[in-house]
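Novice: File protein.cif below, mmCIF, C-alpha atoms:
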```
data_coords
loop_
_atom_site.label_atom_id
_atom_site.label_comp_id
_atom_site.auth_asym_id
_atom_site.auth_seq_id
_atom_site.Cartn_x
_atom_site.Cartn_y
_atom_site.Cartn_z
CA MET A 1 -7.25 42.53 -32.05
CA LYS A 2 -4.42 40.18 -32.91
CA LEU A 3 -4.49 36.88 -31.10
CA ILE A 4 -1.64 34.38 -30.82
CA LEU A 5 -2.73 30.94 -29.71
CA GLU A 6 -0.16 28.77 -27.95
CA PRO A 7 1.05 26.06 -28.10
CA GLU A 8 -0.24 25.93 -31.69
CA ASN A 9 1.48 29.28 -32.54
CA LYS A 10 -1.58 30.18 -34.59
CA GLU A 11 -2.35 33.85 -35.30
CA LEU A 12 -5.93 35.08 -35.58
CA GLU A 13 -7.75 38.40 -35.90
CA ILE A 14 -10.57 38.66 -33.38
CA THR A 15 -13.26 41.32 -33.29
CA LYS A 16 -16.11 42.29 -30.96
CA VAL A 17 -14.37 41.10 -27.82
CA LYS A 18 -14.19 43.57 -24.95
CA THR A 19 -12.80 41.63 -22.02
CA VAL A 20 -10.49 38.72 -21.27
CA ARG A 21 -13.47 36.70 -20.07
CA GLY A 22 -15.26 37.42 -23.37
CA LEU A 23 -12.20 36.32 -25.32
CA LEU A 24 -11.91 33.06 -23.38
CA ASN A 25 -15.63 32.41 -23.85
CA LYS A 26 -15.24 32.94 -27.57
CA LEU A 27 -12.41 30.39 -27.60
CA GLY A 28 -14.40 27.89 -25.51
CA LEU A 29 -11.96 28.08 -22.61
CA ASN A 30 -12.46 28.47 -18.87
CA SER A 31 -10.51 31.15 -17.04
CA THR A 32 -8.15 28.56 -15.58
CA GLN A 33 -7.45 26.72 -18.83
CA ALA A 34 -5.17 29.36 -20.33
CA LEU A 35 -2.86 32.25 -19.49
CA VAL A 36 -3.83 35.47 -21.23
CA ILE A 37 -0.82 37.73 -21.82
CA ARG A 38 -0.56 41.29 -23.15
CA ASP A 39 2.70 43.25 -23.30
CA GLY A 40 4.40 40.58 -21.19
CA GLN A 41 1.82 40.87 -18.39
CA LEU A 42 -0.78 38.36 -17.21
CA LEU A 43 -4.38 39.52 -17.45
CA THR A 44 -7.24 38.60 -15.11
CA PRO A 45 -10.66 37.79 -16.66
CA ASP A 46 -12.12 41.22 -15.81
CA GLU A 47 -9.46 43.14 -17.80
CA LYS A 48 -10.63 45.15 -20.81
CA LEU A 49 -9.24 44.46 -24.28
CA PHE A 50 -8.82 46.95 -27.10
CA PRO A 51 -8.79 46.66 -30.93
CA LYS A 52 -5.05 47.42 -31.19
CA ASP A 53 -4.04 44.84 -28.58
CA VAL A 54 -1.80 41.88 -29.35
CA VAL A 55 -2.82 39.11 -26.96
CA LYS A 56 -1.31 35.70 -26.36
CA VAL A 57 -3.54 32.88 -25.12
CA ARG A 58 -1.36 30.08 -23.78
CA LYS A 59 -3.34 26.93 -22.99
CA VAL A 60 -2.03 25.21 -19.87
CA ALA A 61 -3.13 21.59 -20.26
CA SER A 62 -0.22 19.16 -20.31
CA ARG A 63 0.02 17.50 -23.67
CA GLY A 64 1.84 14.33 -22.75
CA MET B 1 -9.23 43.01 -9.86
CA LYS B 2 -7.23 43.64 -6.69
CA CYS B 3 -4.98 41.27 -4.79
CA THR B 4 -6.92 39.66 -1.96
CA ARG B 5 -3.92 39.88 0.37
CA CYS B 6 -2.26 43.27 -0.30
CA LYS B 7 -4.83 45.14 -2.46
CA ALA B 8 -2.30 45.81 -5.26
CA LYS B 9 -3.39 45.07 -8.83
CA ALA B 10 -3.96 41.33 -9.26
CA VAL B 11 -2.32 39.41 -12.10
CA VAL B 12 -4.11 36.13 -11.51
CA ALA B 13 -7.62 35.13 -10.41
CA LEU B 14 -8.15 31.84 -8.58
CA PRO B 15 -11.89 31.09 -8.46
CA ARG B 16 -11.36 28.02 -6.25
CA HIS B 17 -10.09 30.29 -3.48
CA ASN B 18 -12.41 33.17 -4.42
CA ALA B 19 -9.20 35.20 -4.60
CA GLY B 20 -6.97 37.27 -6.82
CA PHE B 21 -3.23 37.69 -6.30
CA CYS B 22 -0.48 40.09 -7.38
CA ARG B 23 2.84 38.54 -8.44
CA ASN B 24 4.45 38.44 -5.00
CA CYS B 25 1.35 37.23 -3.17
CA PHE B 26 0.77 34.50 -5.78
CA LEU B 27 4.35 33.26 -5.35
CA GLU B 28 3.84 33.28 -1.59
CA TYR B 29 0.56 31.34 -2.00
CA PHE B 30 2.30 28.81 -4.28
CA SER B 31 5.14 28.31 -1.83
CA ARG B 32 2.74 27.81 1.08
CA GLN B 33 0.72 25.21 -0.82
CA VAL B 34 3.90 23.23 -1.50
CA GLN B 35 5.04 23.53 2.13
CA LYS B 36 1.60 22.43 3.31
CA ALA B 37 1.73 19.31 1.10
CA ILE B 38 5.25 18.46 2.31
CA SER B 39 4.49 18.88 6.02
CA LYS B 40 0.99 17.35 5.97
CA HIS B 41 2.28 14.14 4.41
CA LYS B 42 5.76 14.23 6.01
CA MET B 43 7.30 13.94 2.54
CA PHE B 44 10.88 14.81 3.49
CA GLY B 45 12.98 16.94 5.77
CA PRO B 46 15.45 19.79 5.20
CA LYS B 47 18.49 17.52 5.16
CA ASP B 48 17.13 14.75 2.92
CA LYS B 49 18.70 14.32 -0.51
CA ILE B 50 15.90 14.80 -3.04
CA LEU B 51 15.99 13.76 -6.69
CA ILE B 52 13.57 15.57 -8.99
CA ALA B 53 12.33 13.88 -12.15
CA LEU B 54 12.81 16.76 -14.57
CA SER B 55 10.87 16.29 -17.82
CA GLY B 56 11.14 19.85 -19.12
CA GLY B 57 7.42 20.51 -18.74
CA LYS B 58 6.10 23.32 -16.56
CA ASP B 59 5.29 21.15 -13.55
CA SER B 60 8.68 19.56 -12.97
CA LEU B 61 10.51 22.85 -13.60
CA ALA B 62 8.21 24.69 -11.19
CA LEU B 63 8.74 21.96 -8.60
CA ALA B 64 12.53 22.08 -8.92
CA LEU B 65 12.69 25.86 -8.51
CA GLN B 66 10.18 25.97 -5.65
CA LEU B 67 11.99 23.28 -3.65
CA LYS B 68 15.29 25.06 -4.25
CA LEU B 69 13.77 28.37 -3.10
CA LEU B 70 12.54 26.61 0.05
CA GLY B 71 16.12 25.56 0.75
CA TYR B 72 15.82 21.83 0.15
CA ASN B 73 18.74 19.71 -1.00
CA VAL B 74 17.62 19.03 -4.58
CA SER B 75 19.21 17.55 -7.68
CA CYS B 76 17.51 16.83 -11.00
CA LEU B 77 17.53 13.88 -13.38
CA HIS B 78 16.38 14.24 -16.99
CA LEU B 79 15.80 11.20 -19.20
CA ASP B 80 16.62 11.77 -22.85
CA LEU B 81 13.97 9.69 -24.65
CA ASP B 82 15.63 10.04 -28.09
CA ILE B 83 12.37 11.07 -29.82
CA PRO B 84 13.15 12.90 -33.11
CA ASN B 85 12.36 16.65 -33.18
CA SER B 86 11.36 16.53 -29.53
CA SER B 87 13.99 15.22 -27.13
CA LYS B 88 16.92 17.41 -28.21
CA PRO B 89 15.18 20.80 -27.80
CA ILE B 90 13.77 19.65 -24.46
CA LEU B 91 17.22 18.57 -23.25
CA SER B 92 18.65 21.96 -24.22
CA LEU B 93 15.84 23.75 -22.37
CA VAL B 94 16.38 21.64 -19.25
CA GLN B 95 20.12 22.30 -19.30
CA LYS B 96 19.55 26.07 -19.57
CA PHE B 97 17.05 25.96 -16.70
CA ALA B 98 19.43 24.02 -14.43
CA ALA B 99 22.34 26.35 -15.24
CA ARG B 100 20.25 29.49 -14.62
CA PHE B 101 19.02 28.36 -11.21
CA GLU B 102 22.23 26.52 -10.26
CA LEU B 103 20.55 23.16 -9.88
CA PRO B 104 22.66 19.99 -10.17
CA LEU B 105 21.46 18.15 -13.29
CA PHE B 106 22.08 14.58 -14.36
CA VAL B 107 21.07 13.32 -17.81
CA LEU B 108 20.50 9.70 -18.72
CA HIS B 109 20.26 8.84 -22.43
CA LEU B 110 17.86 5.94 -22.98
CA LYS B 111 19.48 5.19 -26.32
CA GLN B 112 22.64 4.18 -24.44
CA GLU B 113 20.52 1.75 -22.43
CA GLY B 114 19.16 0.18 -25.65
CA LEU B 115 15.77 1.76 -24.96
CA SER B 116 15.40 4.59 -27.43
CA ILE B 117 11.64 5.25 -27.22
CA PRO B 118 10.99 5.22 -31.01
CA LYS B 119 12.71 1.83 -31.15
CA VAL B 120 10.67 0.54 -28.21
CA LYS B 121 7.50 1.82 -29.89
CA ALA B 122 8.36 -0.02 -33.11
CA LYS B 123 9.07 -3.29 -31.32
CA LEU B 124 6.20 -3.43 -28.81
CA SER B 125 2.59 -4.22 -29.63
CA ARG B 126 1.21 -2.51 -26.50
CA PRO B 127 0.71 1.27 -26.17
CA ILE B 128 4.01 3.14 -26.00
CA CYS B 129 2.83 5.50 -23.21
CA SER B 130 2.58 2.65 -20.72
CA ALA B 131 6.00 1.23 -21.68
CA CYS B 132 7.59 4.70 -21.64
CA GLY B 133 6.15 5.35 -18.16
CA GLN B 134 7.43 2.00 -16.94
CA ILE B 135 10.92 2.71 -18.30
CA LYS B 136 10.99 6.18 -16.74
CA ARG B 137 9.88 4.91 -13.31
CA TYR B 138 12.55 2.22 -13.48
CA TYR B 139 15.45 4.55 -14.30
CA PHE B 140 14.41 7.32 -11.92
CA ASN B 141 14.21 4.77 -9.10
CA GLN B 142 17.45 3.05 -10.06
CA PHE B 143 19.35 6.33 -10.30
CA ALA B 144 17.99 7.50 -6.94
CA LEU B 145 18.99 4.23 -5.28
CA GLU B 146 22.47 4.11 -6.77
CA ASN B 147 23.18 7.71 -5.84
CA ASN B 148 21.80 7.65 -2.30
CA PHE B 149 18.81 9.91 -2.84
CA LYS B 150 16.27 9.39 -0.09
CA VAL B 151 13.31 10.69 -2.05
CA LEU B 152 12.19 10.92 -5.67
CA ALA B 153 9.93 13.94 -6.29
CA THR B 154 7.73 14.28 -9.36
CA GLY B 155 5.78 17.26 -10.68
CA HIS B 156 2.33 15.63 -10.64
CA ASN B 157 -0.23 18.34 -9.98
CA LEU B 158 -3.82 18.35 -8.75
CA ASP B 159 -5.22 17.90 -12.27
CA ASP B 160 -3.01 14.85 -12.82
CA GLU B 161 -4.02 13.30 -9.52
CA VAL B 162 -7.73 13.98 -9.97
CA ALA B 163 -7.72 12.57 -13.52
CA ARG B 164 -5.91 9.47 -12.27
CA LEU B 165 -8.28 9.04 -9.33
CA PHE B 166 -11.25 9.41 -11.66
CA ALA B 167 -9.84 6.81 -14.08
CA ASN B 168 -9.21 4.39 -11.20
CA THR B 169 -12.71 4.99 -9.88
CA LEU B 170 -14.35 4.42 -13.26
CA ARG B 171 -12.73 0.98 -13.30
CA TRP B 172 -13.13 0.49 -9.52
CA ASP B 173 -9.53 -0.60 -9.62
CA LEU B 174 -9.09 -1.48 -5.96
CA THR B 175 -5.35 -2.05 -6.22
CA TYR B 176 -4.66 1.36 -7.72
CA LEU B 177 -7.20 3.07 -5.46
CA GLY B 178 -5.42 1.58 -2.46
CA GLU B 179 -2.08 2.95 -3.62
CA GLN B 180 -2.87 6.45 -4.91
CA SER B 181 -1.28 8.91 -2.55
CA PRO B 182 1.05 11.94 -2.65
CA VAL B 183 3.57 9.76 -0.82
CA LEU B 184 4.60 6.21 -1.60
CA LYS B 185 6.89 5.07 1.18
CA ALA B 186 10.13 3.24 0.38
CA GLU B 187 9.87 -0.54 0.29
CA HIS B 188 11.89 -3.36 -1.26
CA THR B 189 14.31 -1.46 -3.49
CA PHE B 190 11.83 1.31 -4.28
CA VAL B 191 12.78 4.74 -2.96
CA THR B 192 10.12 7.00 -1.41
CA LYS B 193 8.16 8.84 -4.10
CA VAL B 194 6.45 12.16 -3.42
CA LYS B 195 4.26 14.66 -5.27
CA PRO B 196 4.67 18.05 -3.56
CA LEU B 197 2.56 19.89 -6.17
CA TYR B 198 -0.55 17.80 -5.61
CA ARG B 199 -2.48 20.75 -4.10
CA LEU B 200 -1.77 23.03 -7.09
CA THR B 201 -3.50 22.98 -10.48
CA GLU B 202 -1.69 23.03 -13.78
CA PHE B 203 -3.00 26.55 -14.32
CA GLU B 204 -1.16 27.55 -11.15
CA THR B 205 2.09 25.84 -12.17
CA ALA B 206 1.84 27.62 -15.55
CA VAL B 207 1.33 30.95 -13.76
CA PHE B 208 4.31 30.21 -11.50
CA CYS B 209 6.54 29.51 -14.53
CA PHE B 210 5.35 32.67 -16.26
CA LEU B 211 5.97 34.86 -13.21
CA GLN B 212 9.41 33.31 -12.65
CA ASN B 213 10.20 33.69 -16.36
CA ILE B 214 10.80 29.97 -16.78
CA ASP B 215 10.92 28.77 -20.36
CA TYR B 216 9.20 25.38 -20.48
CA SER B 217 8.38 22.94 -23.23
CA LEU B 218 4.97 23.59 -24.79
CA GLN B 219 5.52 20.75 -27.21
CA ALA B 220 3.24 17.73 -27.03
CA CYS B 221 4.83 14.30 -27.02
CA PRO B 222 4.28 13.11 -30.61
CA TYR B 223 3.20 9.71 -29.27
CA SER B 224 0.67 10.84 -26.66
CA GLN B 225 -2.33 11.68 -28.85
CA GLY B 226 -5.72 10.59 -27.55
CA ALA B 227 -4.58 9.99 -23.98
CA SER B 228 -7.69 9.42 -21.86
CA PHE B 229 -6.36 11.52 -18.96
CA SER B 230 -6.60 14.66 -21.14
CA PHE B 231 -10.29 13.97 -21.65
CA TYR B 232 -10.86 13.44 -17.92
CA LYS B 233 -9.06 16.70 -17.17
CA LYS B 234 -11.47 18.55 -19.46
CA LEU B 235 -14.43 16.95 -17.70
CA PHE B 236 -13.10 18.06 -14.33
CA ASP B 237 -12.40 21.57 -15.67
CA GLN B 238 -16.10 21.82 -16.49
CA LEU B 239 -17.04 20.60 -13.03
CA GLU B 240 -14.60 23.03 -11.42
CA GLU B 241 -16.06 25.91 -13.44
CA HIS B 242 -19.48 25.21 -11.90
CA GLN B 243 -18.24 24.20 -8.47
CA PRO B 244 -14.92 25.98 -7.75
CA GLY B 245 -12.77 23.96 -5.36
CA ARG B 246 -14.34 20.62 -6.31
CA LYS B 247 -11.07 19.11 -7.63
CA LEU B 248 -9.12 19.60 -4.43
CA ASN B 249 -12.10 18.60 -2.31
CA PHE B 250 -12.56 15.38 -4.33
CA TYR B 251 -8.91 14.44 -3.95
CA GLU B 252 -8.38 15.50 -0.33
CA SER B 253 -11.63 13.74 0.69
CA PHE B 254 -10.40 10.60 -1.06
CA LEU B 255 -7.10 10.77 0.86
CA GLU B 256 -8.86 11.33 4.15
CA LYS B 257 -11.87 9.03 3.90
CA ALA B 258 -11.44 6.46 1.12
CA LEU B 259 -7.72 5.71 0.89
CA PRO B 260 -7.55 4.22 4.41
CA VAL B 261 -10.38 1.84 3.43
CA PHE B 262 -9.03 0.86 0.00
CA GLY B 263 -5.52 0.58 1.43
CA GLN B 264 -6.67 -1.97 4.02
CA LYS B 265 -8.30 -4.20 1.44
CA GLN B 266 -5.00 -4.85 -0.26
CA SER B 267 -3.58 -8.31 -0.18
CA PRO B 268 0.17 -7.72 -0.29
CA THR B 269 1.73 -8.54 -3.66
CA THR B 270 4.68 -10.85 -3.31
CA LEU B 271 7.63 -9.26 -5.04
CA LYS B 272 10.96 -10.84 -5.81
CA LEU B 273 14.06 -9.36 -7.33
CA CYS B 274 14.59 -9.52 -11.09
CA PRO B 275 17.48 -11.96 -11.72
CA LEU B 276 18.88 -9.66 -14.42
CA CYS B 277 18.85 -6.29 -12.69
CA ALA B 278 17.59 -6.80 -9.09
CA TYR B 279 14.54 -4.55 -9.61
CA PRO B 280 11.47 -5.71 -7.63
CA THR B 281 9.01 -7.62 -9.80
CA SER B 282 6.00 -9.88 -9.49
CA GLY B 283 7.02 -11.74 -12.68
CA GLU B 284 9.96 -13.91 -13.65
CA ILE B 285 11.92 -10.87 -14.85
CA CYS B 286 11.00 -7.22 -14.48
CA GLY B 287 9.03 -5.25 -17.09
CA VAL B 288 11.99 -3.21 -18.29
CA CYS B 289 14.21 -6.26 -18.76
CA ARG B 290 11.34 -7.83 -20.73
CA ILE B 291 11.25 -4.75 -22.98
CA LYS B 292 15.04 -4.89 -23.35
CA ASN B 293 14.79 -8.53 -24.39
CA ILE B 294 12.24 -7.66 -27.05
CA CYS B 295 14.27 -4.71 -28.34
CA THR B 296 17.65 -6.42 -28.27
CA PRO B 297 16.99 -10.18 -28.07
CA HIS B 298 20.68 -11.11 -28.04
CA LYS B 299 21.12 -9.30 -24.71
CA ASN B 300 19.82 -10.29 -21.31
CA ASN B 301 18.11 -13.49 -22.46
CA LEU B 302 17.50 -15.93 -19.65
#
```
Please render this file's structure as structure tokens.

Specialist:
Amino acid sequence: MKLILEPENKELEITKVKTVRGLLNKLGLNSTQALVIRDGQLLTPDEKLFPKDVVKVRKVASRG
Amino acid sequence: MKCTRCKAKAVVALPRHNAGFCRNCFLEYFSRQVQKAISKHKMFGPKDKILIALSGGKDSLALALQLKLLGYNVSCLHLDLDIPNSSKPILSLVQKFAARFELPLFVLHLKQEGLSIPKVKAKLSRPICSACGQIKRYYFNQFALENNFKVLATGHNLDDEVARLFANTLRWDLTYLGEQSPVLKAEHTFVTKVKPLYRLTEFETAVFCFLQNIDYSLQACPYSQGASFSFYKKLFDQLEEHQPGRKLNFYESFLEKALPVFGQKQSPTTLKLCPLCAYPTSGEICGVCRIKNICTPHKNNL
């Protein structure tokens, strides 16, 4: 799965992640610390992820 | 996950309310939280002229749109800080936002006031964030006063308020603890200041912006690295993960039970008007005029 991390605009390949919650756990984020976006839609933590997905993780903390 | 209200597919989960919402129900929830904050603290009425401090971040943009959607009489003021590679793109973004939602926008360029932030940073020995905040508060207040705005609204959210309350509590700063509130009533030549987003987290303002297709600045201020509030926010995120709802409970309980006590303990600070600009100050001249004197010593010297 291709992952785009914002605001860093960093691209990563992630494997062995099956749900949004699993992805956030892998990134060390709580479910309310980032928006998870696929095909222009927000995903809730229970949503399944697939190997061909392109997913954006947009952290929400203000940065000054 | 299904929407708690209408049973459609949810797009957002809010553990603190043990709820999930679809787009429309989330926007309704967001609007109600803002209305609740406004009415509970009697922030302003439908006819009041409201000035919004528009930084270009998600919170101030969400606030401006939500107040407009609620039918309030809002205008926006953006301060151009003149920070290289940062201020120009943010100004452009703010201008596009205001044009799209037909919001009146005023822009004040700090460089024209002799207070370009990089210049201030180079001249001052104290941390730039505190000076920048002081300058912003000064110009937002001055603009509101000069243009007959009754209220200045800022986009501070629940995470901001909880981090600030925690910082004040760690220092047991009785003065700040006695003043921290979603409403600071007008006094001297200070206009009323309000924080209508104080019941909403920054996750929720980010969701609002996403669902309304608002393009906001994701860029960090190049000068803000290591700010202690960011660390406190992470601590409270961990607490919230274990005890959903703790942030709002901590802050609302403070407002209800502790603020009246800390507020009473205050001995009123005697303020006089700055002889250079008439801004209220406890010193000989106000903080911003002091900064101006340091940055451009030939001007404003007493």

Novice: Find the residues in chain A near chain B: any atom within 12 Å counts, using only C-alpha atoms. Write them as an NGL selection string.

Specialist: :A and (5-9 or 20-21 or 28-38 or 40-48 or 58-64)

Novice: For Val17 of chain A, which residue among A:Lys56, A:Phe50, A:Ile4, A:Asp39 is the nearest when counting all atoms listed in the file?

Specialist: A:Phe50

Novice: For Arg199 of chain B, which residue out of B:Lys36, B:Lys272, B:Arg5, B:Lys257 is the nearest one, using all atoms listed in the file?

Specialist: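 Looking at the shortest contact to Arg199 of chain B, the residue is B:Lys36.
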
Novice: State, in Å with one decimal place, the distance from atom CA of Asn168 of chain B to atom CA of Ala186 of chain B.

Specialist: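 About the pair atom CA of Asn168 of chain B and atom CA of Ala186 of chain B: they are 22.6 Å apart.
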
Novice: Please provide as a PDB file with C-alpha atoms, in the coordinates of the input all residues within 10 Å of Ser228 of chain B, with the sequence filter that same-chain residues fewer than 5 positions apart are discarded (counting all atoms listed in the file).

Specialist:
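Printed below is out_33.pdb as written:
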```pdb
ATOM      1  CA  ALA B 163      -7.720  12.570 -13.520  1.00  0.00           C
ATOM      2  CA  ARG B 164      -5.910   9.470 -12.270  1.00  0.00           C
ATOM      3  CA  ALA B 167      -9.840   6.810 -14.080  1.00  0.00           C
ATOM      4  CA  LYS B 233      -9.060  16.700 -17.170  1.00  0.00           C
TER       5      LYS B 233
END
```

Novice: Nearest to Leu177 of chain B among B:Thr4, B:Ser31, B:Glu161, B:Thr154, with distances taken over all atoms listed in the file: which residue is it?

Specialist: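 Going through B:Thr4, B:Ser31, B:Glu161, B:Thr154 one by one, the smallest distance to Leu177 of chain B is for B:Glu161.
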
Novice: Evaluate the PyMOL selection byres ((chain B and resi 65) around 10) on the structure here and hand back the selected residues as a tab-separated table (two decimals) with C-alpha atoms, in the frame of the given file.

Specialist:
```tsv
chain	number	residue	atom	x	y	z
B	60	SER	CA	8.68	19.56	-12.97
B	61	LEU	CA	10.51	22.85	-13.60
B	62	ALA	CA	8.21	24.69	-11.19
B	63	LEU	CA	8.74	21.96	-8.60
B	64	ALA	CA	12.53	22.08	-8.92
B	66	GLN	CA	10.18	25.97	-5.65
B	67	LEU	CA	11.99	23.28	-3.65
B	68	LYS	CA	15.29	25.06	-4.25
B	69	LEU	CA	13.77	28.37	-3.10
B	70	LEU	CA	12.54	26.61	0.05
B	71	GLY	CA	16.12	25.56	0.75
B	74	VAL	CA	17.62	19.03	-4.58
B	97	PHE	CA	17.05	25.96	-16.70
B	98	ALA	CA	19.43	24.02	-14.43
B	101	PHE	CA	19.02	28.36	-11.21
B	102	GLU	CA	22.23	26.52	-10.26
B	103	LEU	CA	20.55	23.16	-9.88
B	208	PHE	CA	4.31	30.21	-11.50
B	209	CYS	CA	6.54	29.51	-14.53
B	212	GLN	CA	9.41	33.31	-12.65
B	214	ILE	CA	10.80	29.97	-16.78
```

Novice: Could you write out as a ChimeraX atom specification the residues that the PyMOL selection byres ((chain B and resi 94) around 9) matches in the shown file?

Specialist: /B:54-56,61,78,89-93,95-99,105,216

Novice: Suppose a student applies the PyMOL selection byres ((chain B and resi 275-283) around 10) to this structure; what residues should they get, written as a short mmCIF file (atom, residue, chain, number, x, y, z; two decimals) with C-alpha atoms, in the coordinates of the input?

Specialist:
```cif
data_model
loop_
_atom_site.label_atom_id
_atom_site.label_comp_id
_atom_site.auth_asym_id
_atom_site.auth_seq_id
_atom_site.Cartn_x
_atom_site.Cartn_y
_atom_site.Cartn_z
CA TYR B 138 12.55 2.22 -13.48
CA ASN B 141 14.21 4.77 -9.10
CA GLN B 142 17.45 3.05 -10.06
CA GLU B 187 9.87 -0.54 0.29
CA HIS B 188 11.89 -3.36 -1.26
CA THR B 189 14.31 -1.46 -3.49
CA PHE B 190 11.83 1.31 -4.28
CA THR B 269 1.73 -8.54 -3.66
CA THR B 270 4.68 -10.85 -3.31
CA LEU B 271 7.63 -9.26 -5.04
CA LYS B 272 10.96 -10.84 -5.81
CA LEU B 273 14.06 -9.36 -7.33
CA CYS B 274 14.59 -9.52 -11.09
CA GLU B 284 9.96 -13.91 -13.65
CA ILE B 285 11.92 -10.87 -14.85
CA CYS B 286 11.00 -7.22 -14.48
CA GLY B 287 9.03 -5.25 -17.09
CA VAL B 288 11.99 -3.21 -18.29
CA CYS B 289 14.21 -6.26 -18.76
CA ARG B 290 11.34 -7.83 -20.73
CA ASN B 300 19.82 -10.29 -21.31
CA ASN B 301 18.11 -13.49 -22.46
CA LEU B 302 17.50 -15.93 -19.65
#
```

Novice: Could you jot down the atom CA of Lys26 of chain A to atom CA of Asp53 of chain A separation for me, Å, one decimal place?

Specialist: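 These two atoms are separated by 16.4 Å.
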
Novice: Atom CA of Cys25 of chain B to atom CA of Lys40 of chain B: how many Å, to one decimal?

Specialist: 21.9 Å

Novice: Skipping near chain neighbours, those fewer than 2 positions away, what residues fall within 7 Å of Leu12 of chain A using all atoms listed in the file, listed as a compact mmCIF listing (two decimals) with C-alpha atoms, keeping the file's coordinate frame?

Specialist:
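Once written, around.txt looks like this:
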```txt
# COMPACT_ATOMS: atom_id res chain seq x y z
CA LYS A 2 -4.42 40.18 -32.91
CA LEU A 3 -4.49 36.88 -31.10
CA ILE A 4 -1.64 34.38 -30.82
CA LYS A 10 -1.58 30.18 -34.59
CA ILE A 14 -10.57 38.66 -33.38
```
